[in-house]
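Student: What follows is protein_10.pdb; its format and atoms are PDB, C-alpha atoms, pLDDT in the B column.
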ATOM      1  CA  GLY A   1       9.532  40.067 -95.067  1.00 80.00           C
ATOM      2  CA  ASP A   2       7.887  37.790 -92.509  1.00 78.00           C
ATOM      3  CA  LEU A   3       7.916  34.896 -94.981  1.00 83.00           C
ATOM      4  CA  HIS A   4      11.652  35.268 -95.588  1.00 83.00           C
ATOM      5  CA  VAL A   5      12.302  35.475 -91.836  1.00 79.00           C
ATOM      6  CA  SER A   6      10.444  32.178 -91.387  1.00 85.00           C
ATOM      7  CA  LYS A   7      12.812  30.700 -93.983  1.00 83.00           C
ATOM      8  CA  LYS A   8      15.828  32.348 -92.312  1.00 87.00           C
ATOM      9  CA  GLU A   9      16.451  34.337 -95.482  1.00 83.00           C
ATOM     10  CA  TYR A  10      17.362  37.461 -93.550  1.00 84.00           C
ATOM     11  CA  GLN A  11      18.976  39.447 -96.373  1.00 88.00           C
ATOM     12  CA  LEU A  12      15.805  39.155 -98.445  1.00 88.00           C
ATOM     13  CA  ALA A  13      13.662  39.928 -95.396  1.00 86.00           C
ATOM     14  CA  ASP A  14      15.729  43.070 -94.824  1.00 86.00           C
ATOM     15  CA  MET A  15      15.124  44.212 -98.388  1.00 89.00           C
ATOM     16  CA  PHE A  16      11.348  43.722 -98.187  1.00 84.00           C
ATOM     17  CA  TYR A  17      11.068  45.355 -94.757  1.00 84.00           C
ATOM     18  CA  GLU A  18      12.979  48.372 -96.085  1.00 83.00           C
ATOM     19  CA  GLU A  19      10.533  48.699 -98.984  1.00 85.00           C
ATOM     20  CA  CYS A  20       7.600  48.286 -96.610  1.00 85.00           C
ATOM     21  CA  LEU A  21       9.053  50.953 -94.330  1.00 81.00           C
ATOM     22  CA  HIS A  22       9.393  53.500 -97.139  1.00 82.00           C
ATOM     23  CA  SER A  23       5.800  52.914 -98.206  1.00 79.00           C
ATOM     24  CA  ALA A  24       4.514  53.225 -94.629  1.00 74.00           C
ATOM     25  CA  MET A  25       6.473  56.442 -94.046  1.00 74.00           C
ATOM     26  CA  GLU A  26       4.994  58.051 -97.159  1.00 69.00           C
ATOM     27  CA  CYS A  27       1.444  57.551 -95.914  1.00 68.00           C
ATOM     28  CA  ASN A  28       2.239  57.800 -92.177  1.00 64.00           C
ATOM     29  CA  ASP A  29       0.909  54.285 -91.635  1.00 61.00           C
ATOM     30  CA  SER A  30       0.094  53.233 -88.069  1.00 63.00           C
ATOM     31  CA  SER A  31       2.122  50.037 -88.530  1.00 75.00           C
ATOM     32  CA  LEU A  32       5.406  51.969 -88.670  1.00 80.00           C
ATOM     33  CA  THR A  33       6.440  50.854 -85.175  1.00 84.00           C
ATOM     34  CA  ASP A  34       5.917  47.193 -86.027  1.00 85.00           C
ATOM     35  CA  ILE A  35       7.973  47.571 -89.201  1.00 85.00           C
ATOM     36  CA  TRP A  36      10.810  49.314 -87.348  1.00 85.00           C
ATOM     37  CA  LEU A  37      10.848  46.444 -84.832  1.00 87.00           C
ATOM     38  CA  SER A  38      10.897  43.744 -87.510  1.00 88.00           C
ATOM     39  CA  LEU A  39      13.645  45.609 -89.342  1.00 89.00           C
ATOM     40  CA  ALA A  40      15.705  45.968 -86.164  1.00 86.00           C
ATOM     41  CA  LYS A  41      15.534  42.227 -85.496  1.00 90.00           C
ATOM     42  CA  VAL A  42      16.572  41.357 -89.040  1.00 92.00           C
ATOM     43  CA  LYS A  43      19.434  43.840 -89.064  1.00 88.00           C
ATOM     44  CA  LYS A  44      20.704  42.267 -85.833  1.00 89.00           C
ATOM     45  CA  LYS A  45      20.545  38.872 -87.550  1.00 90.00           C
ATOM     46  CA  ILE A  46      22.656  40.042 -90.495  1.00 89.00           C
ATOM     47  CA  GLY A  47      25.195  41.770 -88.270  1.00 88.00           C
ATOM     48  CA  GLN A  48      24.203  45.389 -88.873  1.00 88.00           C
ATOM     49  CA  ARG A  49      24.386  46.451 -85.225  1.00 89.00           C
ATOM     50  CA  GLN A  50      24.285  50.227 -85.689  1.00 90.00           C
ATOM     51  CA  GLU A  51      21.447  50.029 -88.194  1.00 90.00           C
ATOM     52  CA  ALA A  52      19.489  47.860 -85.752  1.00 88.00           C
ATOM     53  CA  LEU A  53      20.063  50.426 -83.002  1.00 90.00           C
ATOM     54  CA  ASP A  54      18.912  53.178 -85.373  1.00 88.00           C
ATOM     55  CA  CYS A  55      15.613  51.301 -85.720  1.00 84.00           C
ATOM     56  CA  VAL A  56      15.359  51.008 -81.936  1.00 87.00           C
ATOM     57  CA  GLU A  57      15.946  54.741 -81.620  1.00 89.00           C
ATOM     58  CA  GLU A  58      13.189  55.473 -84.153  1.00 86.00           C
ATOM     59  CA  ILE A  59      10.710  53.546 -81.995  1.00 86.00           C
ATOM     60  CA  LEU A  60      11.862  55.276 -78.814  1.00 88.00           C
ATOM     61  CA  ALA A  61      11.710  58.669 -80.513  1.00 87.00           C
ATOM     62  CA  ALA A  62       8.107  57.994 -81.551  1.00 83.00           C
ATOM     63  CA  TRP A  63       7.327  56.913 -77.981  1.00 82.00           C
ATOM     64  CA  ARG A  64       8.890  60.031 -76.459  1.00 81.00           C
ATOM     65  CA  SER A  65       7.060  62.264 -78.914  1.00 77.00           C
ATOM     66  CA  SER A  66       3.675  60.694 -78.186  1.00 74.00           C
ATOM     67  CA  PHE A  67       3.856  59.781 -74.496  1.00 70.00           C
ATOM     68  CA  GLY A  68       7.224  60.708 -73.010  1.00 63.00           C
ATOM     69  CA  SER A  69       6.751  64.372 -72.130  1.00 52.00           C
ATOM     70  CA  LYS A  70       5.301  65.180 -68.699  1.00 50.00           C
ATOM     71  CA  ASP A  71       2.552  67.399 -70.089  1.00 49.00           C
ATOM     72  CA  ARG A  72       1.212  64.473 -72.100  1.00 50.00           C
ATOM     73  CA  GLN A  73       0.998  62.162 -69.090  1.00 52.00           C
ATOM     74  CA  ASN A  74      -2.209  61.784 -67.121  1.00 58.00           C
ATOM     75  CA  TRP A  75      -1.856  60.946 -63.426  1.00 56.00           C
ATOM     76  CA  GLY A  76      -4.392  59.787 -60.860  1.00 58.00           C
ATOM     77  CA  PHE A  77      -4.830  57.781 -57.662  1.00 59.00           C
ATOM     78  CA  GLY A  78      -5.362  54.044 -57.984  1.00 53.00           C
ATOM     79  CA  GLN A  79      -7.575  51.814 -55.857  1.00 53.00           C
ATOM     80  CA  ASP A  80      -4.670  51.288 -53.462  1.00 56.00           C
ATOM     81  CA  GLY A  81      -4.340  55.042 -52.948  1.00 61.00           C
ATOM     82  CA  ALA A  82      -1.017  55.250 -54.772  1.00 60.00           C
ATOM     83  CA  LEU A  83      -0.386  57.922 -57.394  1.00 58.00           C
ATOM     84  CA  ARG A  84      -0.144  56.249 -60.786  1.00 62.00           C
ATOM     85  CA  ARG A  85      -0.095  57.207 -64.427  1.00 63.00           C
ATOM     86  CA  ASN A  86      -3.363  56.686 -66.262  1.00 71.00           C
ATOM     87  CA  ILE A  87      -2.354  54.627 -69.276  1.00 73.00           C
ATOM     88  CA  SER A  88      -4.131  55.127 -72.581  1.00 75.00           C
ATOM     89  CA  MET A  89      -5.018  52.259 -74.894  1.00 79.00           C
ATOM     90  CA  GLU A  90      -2.274  53.389 -77.279  1.00 79.00           C
ATOM     91  CA  GLU A  91       0.353  53.253 -74.518  1.00 80.00           C
ATOM     92  CA  SER A  92      -0.886  49.857 -73.408  1.00 82.00           C
ATOM     93  CA  MET A  93      -0.547  48.493 -76.925  1.00 84.00           C
ATOM     94  CA  MET A  94       3.040  49.767 -77.082  1.00 85.00           C
ATOM     95  CA  ALA A  95       4.134  47.852 -73.967  1.00 87.00           C
ATOM     96  CA  PRO A  96       5.117  44.583 -75.718  1.00 90.00           C
ATOM     97  CA  THR A  97       7.141  46.545 -78.276  1.00 90.00           C
ATOM     98  CA  LEU A  98       8.963  48.469 -75.531  1.00 91.00           C
ATOM     99  CA  TYR A  99       9.883  45.186 -73.885  1.00 93.00           C
ATOM    100  CA  GLU A 100      11.172  43.725 -77.145  1.00 91.00           C
ATOM    101  CA  ILE A 101      13.292  46.733 -78.078  1.00 91.00           C
ATOM    102  CA  GLY A 102      14.608  46.901 -74.523  1.00 92.00           C
ATOM    103  CA  VAL A 103      15.758  43.295 -74.759  1.00 92.00           C
ATOM    104  CA  LEU A 104      17.152  43.922 -78.240  1.00 91.00           C
ATOM    105  CA  ALA A 105      19.051  47.037 -77.161  1.00 92.00           C
ATOM    106  CA  PHE A 106      20.739  45.147 -74.308  1.00 92.00           C
ATOM    107  CA  GLN A 107      21.658  42.331 -76.678  1.00 89.00           C
ATOM    108  CA  LEU A 108      23.209  44.975 -78.939  1.00 90.00           C
ATOM    109  CA  ASN A 109      25.183  46.285 -75.945  1.00 89.00           C
ATOM    110  CA  ASP A 110      23.259  49.567 -75.670  1.00 91.00           C
ATOM    111  CA  GLY A 111      22.351  49.849 -72.004  1.00 90.00           C
ATOM    112  CA  THR A 112      21.057  53.421 -72.263  1.00 91.00           C
ATOM    113  CA  ARG A 113      18.288  52.640 -74.735  1.00 91.00           C
ATOM    114  CA  GLY A 114      17.664  49.253 -73.150  1.00 93.00           C
ATOM    115  CA  HIS A 115      17.211  50.838 -69.736  1.00 94.00           C
ATOM    116  CA  GLU A 116      14.840  53.496 -71.081  1.00 92.00           C
ATOM    117  CA  ALA A 117      12.623  50.997 -72.912  1.00 92.00           C
ATOM    118  CA  LEU A 118      12.395  48.483 -70.061  1.00 94.00           C
ATOM    119  CA  VAL A 119      11.641  51.166 -67.460  1.00 93.00           C
ATOM    120  CA  GLU A 120       8.801  52.487 -69.630  1.00 91.00           C
ATOM    121  CA  PHE A 121       7.504  48.937 -70.094  1.00 93.00           C
ATOM    122  CA  ILE A 122       7.486  48.353 -66.324  1.00 94.00           C
ATOM    123  CA  THR A 123       5.745  51.697 -65.739  1.00 89.00           C
ATOM    124  CA  ILE A 124       2.893  50.690 -68.042  1.00 89.00           C
ATOM    125  CA  ARG A 125       2.459  47.315 -66.366  1.00 90.00           C
ATOM    126  CA  GLU A 126       2.490  49.013 -62.943  1.00 87.00           C
ATOM    127  CA  ALA A 127      -0.259  51.418 -64.008  1.00 84.00           C
ATOM    128  CA  GLN A 128      -2.283  48.484 -65.294  1.00 82.00           C
ATOM    129  CA  GLY A 129      -1.778  46.629 -62.023  1.00 82.00           C
ATOM    130  CA  THR A 130      -0.429  43.569 -63.839  1.00 82.00           C
ATOM    131  CA  ASP A 131       3.241  43.853 -62.906  1.00 81.00           C
ATOM    132  CA  ILE A 132       3.160  41.228 -60.133  1.00 85.00           C
ATOM    133  CA  ASN A 133       1.999  38.426 -62.448  1.00 84.00           C
ATOM    134  CA  ASP A 134       3.913  39.329 -65.607  1.00 89.00           C
ATOM    135  CA  VAL A 135       7.043  37.255 -66.136  1.00 91.00           C
ATOM    136  CA  LYS A 136       8.350  39.865 -68.570  1.00 92.00           C
ATOM    137  CA  VAL A 137       8.343  42.461 -65.782  1.00 93.00           C
ATOM    138  CA  ALA A 138      10.455  40.048 -63.735  1.00 92.00           C
ATOM    139  CA  ASN A 139      12.792  39.533 -66.694  1.00 92.00           C
ATOM    140  CA  ALA A 140      13.045  43.303 -67.159  1.00 93.00           C
ATOM    141  CA  CYS A 141      13.785  43.866 -63.461  1.00 94.00           C
ATOM    142  CA  TYR A 142      16.418  41.117 -63.471  1.00 93.00           C
ATOM    143  CA  THR A 143      18.118  42.709 -66.481  1.00 93.00           C
ATOM    144  CA  LEU A 144      17.919  46.251 -65.080  1.00 94.00           C
ATOM    145  CA  GLY A 145      19.404  44.977 -61.832  1.00 93.00           C
ATOM    146  CA  ASN A 146      22.342  43.518 -63.747  1.00 92.00           C
ATOM    147  CA  HIS A 147      22.724  46.747 -65.681  1.00 93.00           C
ATOM    148  CA  CYS A 148      22.702  48.899 -62.535  1.00 93.00           C
ATOM    149  CA  SER A 149      25.171  46.544 -60.882  1.00 90.00           C
ATOM    150  CA  ALA A 150      27.537  46.910 -63.849  1.00 90.00           C
ATOM    151  CA  LYS A 151      27.332  50.697 -63.370  1.00 90.00           C
ATOM    152  CA  LYS A 152      28.052  50.287 -59.608  1.00 89.00           C
ATOM    153  CA  GLU A 153      24.550  51.534 -58.717  1.00 90.00           C
ATOM    154  CA  THR A 154      24.239  49.040 -55.877  1.00 89.00           C
ATOM    155  CA  ASP A 155      20.992  50.213 -54.277  1.00 91.00           C
ATOM    156  CA  ALA A 156      19.140  50.386 -57.600  1.00 93.00           C
ATOM    157  CA  ALA A 157      20.418  46.932 -58.542  1.00 92.00           C
ATOM    158  CA  GLN A 158      19.236  45.537 -55.213  1.00 92.00           C
ATOM    159  CA  THR A 159      15.768  47.053 -55.703  1.00 93.00           C
ATOM    160  CA  TYR A 160      15.378  45.571 -59.170  1.00 94.00           C
ATOM    161  CA  TRP A 161      16.735  42.149 -58.173  1.00 93.00           C
ATOM    162  CA  SER A 162      14.442  41.970 -55.141  1.00 93.00           C
ATOM    163  CA  ARG A 163      11.448  42.846 -57.271  1.00 93.00           C
ATOM    164  CA  ALA A 164      12.349  40.245 -59.893  1.00 92.00           C
ATOM    165  CA  LEU A 165      12.703  37.599 -57.181  1.00 93.00           C
ATOM    166  CA  LYS A 166       9.318  38.513 -55.702  1.00 93.00           C
ATOM    167  CA  ILE A 167       7.553  38.187 -59.053  1.00 93.00           C
ATOM    168  CA  TYR A 168       9.269  34.922 -59.991  1.00 92.00           C
ATOM    169  CA  MET A 169       8.268  33.433 -56.631  1.00 92.00           C
ATOM    170  CA  PHE A 170       4.709  34.750 -56.991  1.00 92.00           C
ATOM    171  CA  LEU A 171       4.517  33.020 -60.372  1.00 90.00           C
ATOM    172  CA  GLY A 172       5.554  29.745 -58.770  1.00 90.00           C
ATOM    173  CA  LEU A 173       9.070  29.181 -60.030  1.00 90.00           C
ATOM    174  CA  PRO A 174      10.663  26.322 -58.053  1.00 90.00           C
ATOM    175  CA  GLU A 175      13.307  27.062 -55.450  1.00 91.00           C
ATOM    176  CA  ASP A 176      15.979  25.354 -57.553  1.00 90.00           C
ATOM    177  CA  HIS A 177      15.224  27.359 -60.713  1.00 90.00           C
ATOM    178  CA  PRO A 178      18.459  29.111 -61.845  1.00 89.00           C
ATOM    179  CA  HIS A 179      16.792  32.544 -61.683  1.00 90.00           C
ATOM    180  CA  ILE A 180      15.626  31.983 -58.091  1.00 90.00           C
ATOM    181  CA  VAL A 181      18.984  30.602 -56.967  1.00 90.00           C
ATOM    182  CA  SER A 182      20.923  33.435 -58.603  1.00 90.00           C
ATOM    183  CA  LEU A 183      18.662  36.221 -57.349  1.00 91.00           C
ATOM    184  CA  LYS A 184      18.679  34.896 -53.781  1.00 92.00           C
ATOM    185  CA  GLU A 185      22.469  34.911 -53.828  1.00 91.00           C
ATOM    186  CA  LEU A 186      22.532  38.443 -55.260  1.00 89.00           C
ATOM    187  CA  THR A 187      20.029  39.890 -52.790  1.00 87.00           C
ATOM    188  CA  GLN A 188      21.430  38.116 -49.723  1.00 86.00           C
ATOM    189  CA  SER A 189      24.972  39.215 -50.497  1.00 74.00           C
ATOM    190  CA  ALA A 190      23.971  42.862 -51.049  1.00 60.00           C
ATOM    191  CA  PRO A 191      24.574  44.174 -47.492  1.00 56.00           C
ATOM    192  CA  ARG A 192      28.019  42.569 -47.357  1.00 54.00           C
ATOM    193  CA  ASN A 193      28.881  43.858 -50.821  1.00 55.00           C
ATOM    194  CA  ARG A 194      27.841  47.394 -49.844  1.00 50.00           C
ATOM    195  CA  LEU A 195      30.227  47.262 -46.890  1.00 41.00           C
ATOM    196  CA  LEU A 196      33.071  45.957 -49.056  1.00 44.00           C
ATOM    197  CA  SER A 197      32.274  48.543 -51.711  1.00 47.00           C
ATOM    198  CA  GLY A 198      32.454  51.315 -49.126  1.00 39.00           C
ATOM    199  CA  ILE A 199      35.873  50.130 -47.979  1.00 33.00           C
ATOM    200  CA  GLN A 200      37.111  49.807 -51.564  1.00 40.00           C
ATOM    201  CA  ASN A 201      35.784  53.254 -52.479  1.00 39.00           C
ATOM    202  CA  ALA A 202      37.515  54.801 -49.492  1.00 32.00           C
ATOM    203  CA  PHE A 203      40.783  53.118 -50.465  1.00 34.00           C
ATOM    204  CA  SER A 204      40.285  54.167 -54.091  1.00 35.00           C
ATOM    205  CA  THR A 205      39.784  57.787 -53.008  1.00 29.00           C
ATOM    206  CA  LEU A 206      43.021  57.726 -51.052  1.00 34.00           C
ATOM    207  CA  THR A 207      44.876  56.209 -54.012  1.00 31.00           C
ATOM    208  CA  THR A 208      43.421  58.746 -56.416  1.00 29.00           C
ATOM    209  CA  ASP A 209      44.349  61.671 -54.180  1.00 31.00           C
ATOM    210  CA  ALA A 210      47.870  60.348 -53.805  1.00 32.00           C
ATOM    211  CA  GLU A 211      48.393  59.766 -57.519  1.00 33.00           C
ATOM    212  CA  GLY A 212      46.651  62.955 -58.581  1.00 33.00           C
ATOM    213  CA  GLY A 213      44.442  61.320 -61.203  1.00 33.00           C
ATOM    214  CA  THR A 214      41.585  58.929 -61.789  1.00 28.00           C
ATOM    215  CA  ASN A 215      41.390  55.537 -63.496  1.00 30.00           C
ATOM    216  CA  ILE A 216      37.885  54.767 -64.732  1.00 20.00           C
ATOM    217  CA  LYS A 217      37.130  51.154 -65.574  1.00 25.00           C
ATOM    218  CA  VAL A 218      34.535  50.721 -68.306  1.00 25.00           C
ATOM    219  CA  VAL A 219      32.203  47.815 -67.513  1.00 26.00           C
ATOM    220  CA  SER A 220      30.445  46.014 -70.372  1.00 31.00           C
ATOM    221  CA  GLU A 221      26.657  45.875 -70.374  1.00 40.00           C
ATOM    222  CA  ALA A 222      24.837  43.129 -68.501  1.00 38.00           C
ATOM    223  CA  GLN A 223      23.485  40.216 -70.506  1.00 42.00           C
ATOM    224  CA  ILE A 224      19.729  39.882 -70.884  1.00 45.00           C
ATOM    225  CA  GLN A 225      18.088  37.325 -68.585  1.00 48.00           C
ATOM    226  CA  ASP A 226      14.981  35.865 -70.189  1.00 48.00           C
ATOM    227  CA  LEU A 227      12.681  33.180 -68.785  1.00 48.00           C
ATOM    228  CA  LYS A 228      11.688  30.640 -71.416  1.00 41.00           C
TER
END
In structure tokens, what does this structure look like?
Tutor:
Amino acid sequence: GDLHVSKKEYQLADMFYEECLHSAMECNDSSLTDIWLSLAKVKKKIGQRQEALDCVEEILAAWRSSFGSKDRQNWGFGQDGALRRNISMEESMMAPTLYEIGVLAFQLNDGTRGHEALVEFITIREAQGTDINDVKVANACYTLGNHCSAKKETDAAQTYWSRALKIYMFLGLPEDHPHIVSLKELTQSAPRNRLLSGIQNAFSTLTTDAEGGTNIKVVSEAQIQDLK
């Protein structure tokens, strides 16, 4: 499968990954997650969006089953005195995969799964104390901010954008980098936008009451922002 991907022969790669997946499932191979991820990427390449999302869901389901429930999580106080999750080696090794499927889910226009995966990825990096110097955490925060903004969750968007900006600046991105410029505009305009949003919401409420119904606008998912 990997060889065919390198040759951009995605249909053949899909076939071999499928065979590999069936074999791994029969013997409960530990590489199942990696195979699901490779299969998801290939299915996206060949235009099988739902099948790619099914692969993403398989990975998330395995994550939830192993680490997602509260009774499986181990909490403790870090050196800074803050309460943090104690991350196992297995969880730590899953972090890159969670980031990749989060990015993939957003690219496939599935904000729910994308949000879940990226939040879990950030949580692991926080527990490891490496979030401030990980560009992927900044990318994840930038994307989650866009996603929350699309859902009109202004405060959450502001929190994520501010965190992304802080990490990018800590990593030394220049002031004129597009990410820095964009995030500064987004965070500096937040207070004004909240005021305008409040006025618009008040007007919308009056209009809704007068017309006796509601008109819900569906907003498409935010695009992934990735630092190269």
Student: Counting only C-alpha atoms, which residues have an atom no more than 10 Å from (20.9, 34.6, -61.7) in the file's coordinates? Please list them as JSON, numbers by chain.
Tutor: {"A": [142, 143, 146, 161, 165, 177, 178, 179, 180, 181, 182, 183, 184, 185, 186, 225]}
Student: Counting only C-alpha atoms, which residue out of A:Ile46, A:Leu37, A:Ala164, A:Ile122 sits closest to A:Asn139?
Tutor: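 Checking each of A:Ile46, A:Leu37, A:Ala164, A:Ile122 against A:Asn139, counting only C-alpha atoms, the winner is A:Ala164.
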Student: Care to translate the PyMOL selection byres ((chain A and resi 111-121) around 8) into actual residues of this file, as a PyMOL selection string?
Tutor: chain A and resi 56-57+60+95-96+98-99+101-106+109-110+122-125+137+140+144+147+221-222
Student: For the file shown, report as JSON, numbers by chain the outcome of the PyMOL selection byres ((chain A and resi 40) around 9) at residue level.
Tutor: {"A": [35, 36, 37, 38, 39, 41, 42, 43, 44, 45, 48, 49, 51, 52, 53, 54, 55, 56, 101, 104]}
Student: State, in Å with one decimal place, the distance from atom CA of A:Tyr17 to atom CA of A:Ser88.
Tutor: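 Atom-to-atom, atom CA of A:Tyr17 and atom CA of A:Ser88 are spaced 28.6 Å apart.
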Student: Grab the atom CA of A:Asn133 to atom CA of A:Met89 distance for me, in Å with one decimal place.
Tutor: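 Computing it gives 19.9 Å between the two atoms.
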Student: What does the PyMOL selection byres ((chain A and resi 16) around 12) select in this file, as a list in words?
Tutor: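 What the PyMOL selection byres ((chain A and resi 16) around 12) grabs from the file is Gly1, Asp2, Leu3, His4, Val5, Glu9, Tyr10, Gln11, Leu12, Ala13, Asp14, Met15, Tyr17, Glu18, Glu19, Cys20, Leu21, His22, Ser23, Ile35, Ser38, Leu39 and Val42 of chain A.
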Student: Given the choices A:Ala62, A:Phe67, A:Val135, A:Ala127, which gets closest to A:Leu173 if the distance is worked out from only C-alpha atoms?
Tutor: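 Ranking A:Ala62, A:Phe67, A:Val135, A:Ala127 by distance to A:Leu173, first place goes to A:Val135.
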Student: Residues at most 9 Å from A:Ala138, counting all atoms listed in the file, excluding those fewer than 6 positions away in the same chain, as a list of chain:residue names?
Tutor: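 Returned residues: A:Asp131, A:Ile132, A:Tyr160, A:Trp161, A:Arg163, A:Ala164, A:Leu165, A:Lys166, A:Ile167, A:Tyr168, A:Asp226, A:Leu227.
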